[in-house]
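K.L.:
I'd like to ask some things about the structure below.
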Amino acid sequence: MRSSHWGDAPDVSLKNTAWLKTLWPYLMEYKGRVLLAALCLVGAKLASVSMPFVLKYLVDGLSGTTNSINETTLVNQENIWLWFPLSLLLAYGSVRLLNVLLGEIRDVLFGRVTERAMRRMALKVFRHLHNLSLDFHLARQTGALQRDIERGTNGISFLMRFVIFNILPTFFELGLVIILLLINYPPYFAIITLVAVVLYVVYTARITEWRTMYVREANKMDSKTHARALDSLLNYETVKYFSAEEREAKDYDESLWKWEQARRKNRLTLFALNSGQATIISIAMTLMLCLSAYYVIEGTMTIGDFTLMNAFMFQLFLPLSFLGFVYREVKASLASIEQMLGLLKEQSSVQDNGQQELKTSQAKIEFNKLGFSYQKERTILKDLSFDIQAGQRVAVVGSSGAGKSTLTKLLFRFYDKTQGEILINDTPIEALSLASLRKHIGVVPQDTVLFNDTLKNNLLYACMDASDTDLERVIEMAQLDNFIKQCPDGLETIVGERGLKLSGGEKQRLSIARMLLKKPAIMVFDEATSSLDSRTEKNINIAIKQVSAGHTSLIIAHRLSTIVDADKIVVLDNGSVIEQGKHTQLLELKGHYYQLWQAQKNDALTDH
């Protein structure tokens with residue numbers, strides 16, 4: 001089973017205000033909209049609270065009662081219809097319309113704030129992920145990461161809308177109703193309401209805290225299941241090579257089973273929460289209606305008052321019930337965004353603290369007593385020293401695991417060395433800004449990964465404002481012209497996900513053309529022709545030699561025949577330099593390089 005490797009995110013709860021601090025700047029960006037939305041909210045709640053009172057007077061009017069308790073007077077039916085009930089009916093309809101209309105206006109006003117916050121937050125996380133170092137991305141699972149960001153942004157939307165415009169207003173409405181009940185009616189009604197509200201809130205909070213761990217577990221398994229499926233589908237060819245369809249289906253089903261169990265626990269805890277809330281509400285409503293009926297029979301309250309109590313109960317417990325839903329969803333949303341907030345707390349192992357800007361077309365590189373290890377127990381480079389003079393073509397060779405490709409990662413600052421230093425024009429690369437450093441280095445990697453886009457856009461990724469003439473030049477130099485002519489759509493041909501529609505050689509040629517389009521001061525070729533046939537490799541090496549003339553070039557080579565004309569060849573073994581010099585000089589030494597040369601020469605003869 002494959003799983004994510006990044007650290008667990010810190011716990012985020014309602015007691016933790018990290019999420020609010022993160023979202024606050026987005027609220028303040030639209031102060032006017034937020035203020036107008038808040039005024040609409042207050043107006044809607046006042047209209048909501050006034051509706052039961054309008055309904056009371058309407059019922060009393062229609063039942064032939066006056067506002068004076070125990071003094072009933074029959075009123076002329078014609079006069080009542082002419083002015084009293086009609087005005088109350090219109091008032092009731094107007095208040096209800098105002099309540100709904102103000103709520104809609106509030107949503108329209110605040111909608112832009114919410115959407116902008118989602119956009120800004122998603123962009124912030126996206127940029128942060130690109131700023132993290134390579135070791136983080138090597139450990140992550142793309143599917144799970146994507147799922148966490150998706151749920152996190154949706155959680156932000158929920159928090160922005162419901163915490164600000166539902167939880168606080170609901171308590172405002174509850175407090176207003178309790179005050180009105182205390183002023184206009186015996187205190188028992190307010191006491192029952194207050195006790196019910198307190199019990200409901202406490203019960204909801206306690207049970208929701210308990211069930212949040214099951215929500216987190218369900219989210220975690222959902223992310224793992226999604227990542228498992230994506231990982232398998234992205235490696236479709238590998239699955240087919242080993243006839244592993246059933247094995248993949250079994251692993252996927254195992255992930256789904258764990259997700260199913262987590263969802264079952266989540267559902268059972270939700271039942272406990274909902275049933276408890278319903279019990280509290282039912283008991284409170286029954287007590288209120290029984291008490292109202294008693295006072296009506298006793299004659300101290302009217303039918304209108306009974307109707308008002310009934311309306312208040314529904315009006316109170318509907319938002320209270322909604323408050324329970326909102327609180328549950330807020331906890332679920334916080335559980336969803338905690339992984340995203342945790343991502344924002346991830347720190348890159350490579351810090352961009354450099355203040356100097358690299359401005360040069362002639363770069364001299366020095367590796368001085370360089371040491372590096374991915375893990376403490378495994379040293380990759382140790383006490384490695386050599387230099388590349390400005391304009392030189394220097395090749396690095398050695399057996400697999402000697403640390404050749406690690407040099408390019410350290411030069412590009414995917415990682416930071418553990419000892420020694422790397423200098424460009426006598427300046428440590430840590431003193432240079434990352435953008436400035438990487439702008440001057442062009443890399444052709446051993447494994448080329450392309451965007452699922454056109455050939456043209458993959459080329460232009462190196463230089464978005466490159467002219468058609470520039471494109472034609474690098475296409476010809478990288479021996480891509482014949483291939484593009486064979487494509488029905490030419491440069492508009494889609495390369496597929498990760499460039500899977502192209503062969504290994506076609507991808508490498510495209511990568512070489514893209515690097516040439518960048519025109520960097522330093523060119524790095526990390527076994528850039530390993531997937532090419534001998535003839536194409538020879539042609540491209542000639543082109544590379546031409547284009548790299550005058551540029552500082554570092555060539556990581558496996559085939560020694562491709563670097564015999566290099567200005568200097570550096571031989572690595574176990575992370576250290578053991579030989580360096582020109583091809584003929586190294587052969588004369590009859591050392592490690594000579595053995596590698598003879599071994600490849602014998603392999604070539606055997607192949608023929």
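Ordering of the structure tokens sets the chain letters (A, B, ...), residue numbers begin anew at 1 in every chain, and ligands are numbered from 1 in the order given.
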If we count only C-alpha atoms, what is near region 307-316 of chain A at a cut-off of 8 Å, once residues fewer than 6 positions away on the same chain are taken out, given as a JSON list (two decimals) with N, CA and C atoms, in the first residue's frame?

P.N.:
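Here's the written file out_9.json:
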[["chain", "number", "residue", "atom", "x", "y", "z"],
["A", 52, "PRO", "N", -43.96, 36.73, 14.44],
["A", 52, "PRO", "CA", -44.91, 36.13, 15.37],
["A", 52, "PRO", "C", -45.82, 37.16, 16.06],
["A", 53, "PHE", "N", -45.31, 38.37, 16.31],
["A", 53, "PHE", "CA", -46.14, 39.39, 16.93],
["A", 53, "PHE", "C", -47.23, 39.88, 15.96],
["A", 55, "LEU", "N", -48.46, 38.09, 13.64],
["A", 55, "LEU", "CA", -49.39, 36.95, 13.56],
["A", 55, "LEU", "C", -50.31, 36.91, 14.76],
["A", 56, "LYS", "N", -49.80, 37.24, 15.93],
["A", 56, "LYS", "CA", -50.63, 37.27, 17.15],
["A", 56, "LYS", "C", -51.78, 38.26, 17.01],
["A", 59, "VAL", "N", -54.37, 37.06, 14.50],
["A", 59, "VAL", "CA", -55.26, 36.01, 15.03],
["A", 59, "VAL", "C", -56.25, 36.60, 16.02],
["A", 173, "GLU", "N", -30.60, 36.34, 17.54],
["A", 173, "GLU", "CA", -32.05, 36.14, 17.48],
["A", 173, "GLU", "C", -32.57, 35.45, 18.74],
["A", 174, "LEU", "N", -31.83, 34.45, 19.20],
["A", 174, "LEU", "CA", -32.25, 33.75, 20.42],
["A", 174, "LEU", "C", -32.28, 34.70, 21.61],
["A", 285, "MET", "N", -40.66, 22.23, 23.15],
["A", 285, "MET", "CA", -41.85, 22.69, 22.44],
["A", 285, "MET", "C", -43.13, 22.22, 23.13],
["A", 288, "MET", "N", -43.69, 24.33, 26.28],
["A", 288, "MET", "CA", -44.12, 25.68, 25.94],
["A", 288, "MET", "C", -45.58, 25.72, 25.51],
["A", 289, "LEU", "N", -45.99, 24.77, 24.70],
["A", 289, "LEU", "CA", -47.37, 24.75, 24.21],
["A", 289, "LEU", "C", -48.35, 24.38, 25.32],
["A", 292, "SER", "N", -48.70, 27.47, 27.40],
["A", 292, "SER", "CA", -49.51, 28.46, 26.68],
["A", 292, "SER", "C", -50.99, 28.10, 26.74]]

K.L.:
Extract, using only C-alpha atoms, all DNA, RNA and protein residues at most 7 Å from region 564-579 of chain A, discarding same-chain residues fewer than 2 positions from it, and format them as an MDAnalysis selection string.

P.N.:
chainID A and resid 380:385 392:399 402:403 560:562 581:583 593

K.L.:
Given only C-alpha atoms as the basis, pick out the residue of A:Thr418, A:Thr360, A:Gln585, A:Thr454 nearest to His551 (chain A).

P.N.:
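The closest residue to His551 (chain A) is A:Thr360.
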
K.L.:
Can you list every residue in region 509-568 of chain A that DSSP puts in helix (DSSP H, G or I), as a tab-separated table (two decimals) with C-alpha atoms, in the first residue's frame?

P.N.:
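So states14.tsv came out as:
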chain	number	residue	atom	x	y	z
A	509	ARG	CA	14.66	16.10	-28.09
A	510	LEU	CA	11.77	18.32	-27.04
A	511	SER	CA	13.47	18.89	-23.68
A	512	ILE	CA	16.72	19.85	-25.41
A	513	ALA	CA	14.90	22.29	-27.71
A	514	ARG	CA	13.13	23.82	-24.72
A	515	MET	CA	16.41	24.33	-22.87
A	516	LEU	CA	18.02	25.89	-25.96
A	517	LEU	CA	15.11	28.32	-26.18
A	518	LYS	CA	15.88	29.52	-22.65
A	534	SER	CA	23.31	6.43	-32.04
A	535	ARG	CA	22.82	8.44	-35.23
A	536	THR	CA	20.42	10.98	-33.69
A	537	GLU	CA	22.58	11.15	-30.58
A	538	LYS	CA	25.60	11.99	-32.68
A	539	ASN	CA	23.71	14.72	-34.56
A	540	ILE	CA	22.31	16.23	-31.38
A	541	ASN	CA	25.69	16.15	-29.68
A	542	ILE	CA	27.08	18.14	-32.59
A	543	ALA	CA	24.20	20.60	-32.21
A	544	ILE	CA	24.71	20.78	-28.44
A	545	LYS	CA	28.41	21.45	-28.96
A	546	GLN	CA	27.58	24.27	-31.36
A	547	VAL	CA	24.94	25.91	-29.17
A	560	LEU	CA	31.77	8.05	-22.74
A	561	SER	CA	31.88	8.28	-26.54
A	562	THR	CA	29.70	11.40	-26.37

K.L.:
For a test of reading the model, state the distance in Å between CA of Leu410 (chain A) and CA of Thr448 (chain A), rounded to one decimal.

P.N.:
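Interatomic distance, CA of Leu410 (chain A) to CA of Thr448 (chain A): 18.7 Å.
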
K.L.:
Show me, as a ChimeraX atom specification, the residues that have an atom within 12 Å of Lys501 (chain A) when counting only C-alpha atoms, minus same-chain residues fewer than 6 positions from it.

P.N.:
/A:449-455,487,493-495,507

K.L.:
Need the shell around Cys40 (chain A): protein/DNA/RNA residues with any atom at most 7 Å away, counting only C-alpha atoms. Skip same-chain ones fewer than 4 positions apart. Format as a short mmCIF file (atom, residue, chain, number, x, y, z; two decimals) with N, CA and C atoms, in the first residue's frame?

P.N.:
data_model
loop_
_atom_site.label_atom_id
_atom_site.label_comp_id
_atom_site.auth_asym_id
_atom_site.auth_seq_id
_atom_site.Cartn_x
_atom_site.Cartn_y
_atom_site.Cartn_z
N LEU A 36 -22.51 46.23 4.62
CA LEU A 36 -23.87 46.20 4.06
C LEU A 36 -24.52 44.83 4.29
N ALA A 44 -32.91 41.48 8.58
CA ALA A 44 -33.63 40.23 8.36
C ALA A 44 -34.02 39.58 9.68
N LEU A 102 -33.97 40.50 2.32
CA LEU A 102 -32.73 40.95 2.94
C LEU A 102 -31.69 39.83 3.01
N GLY A 103 -32.18 38.60 3.25
CA GLY A 103 -31.27 37.45 3.27
C GLY A 103 -30.64 37.20 1.91
N ARG A 106 -28.11 39.94 1.23
CA ARG A 106 -26.91 39.64 2.03
C ARG A 106 -26.04 38.61 1.33
#

K.L.:
Of the candidates A:Gly401, A:Ala196, A:Trp257, A:Gln356, which one gets nearest to Arg378 (chain A) if we count only C-alpha atoms?

P.N.:
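For Arg378 (chain A), the nearest of the candidates is A:Gly401.
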
K.L.:
Write out as an NGL selection string which residues come within 9 Å of Thr114 (chain A) when counting only C-alpha atoms, dropping same-chain ones fewer than 6 positions away.

P.N.:
:A and (26-27 or 156-158 or 160-161)

K.L.:
Would you please work out which residue, of A:Arg438, A:Lys31, A:Arg127, A:Lys456, is nearest to Leu471 (chain A) when using only C-alpha atoms?

P.N.:
A:Lys456

K.L.:
Check the smallest atom-to-atom distance from each of A:Leu432, A:Leu101, A:Ala466, A:Ala249 to Asp352 (chain A) using only C-alpha atoms, then report the winner.

P.N.:
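When distances to Asp352 (chain A) are compared using only C-alpha atoms, the smallest one comes from A:Leu432.
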
K.L.:
I'd like the neighbourhood of Ile297 (chain A) as number ranges by chain, where a residue qualifies if any of its atoms comes within 12 Å (using only C-alpha atoms), though same-chain residues fewer than 6 positions away should be ignored.

P.N.:
A: 70, 290-291, 303, 305-306
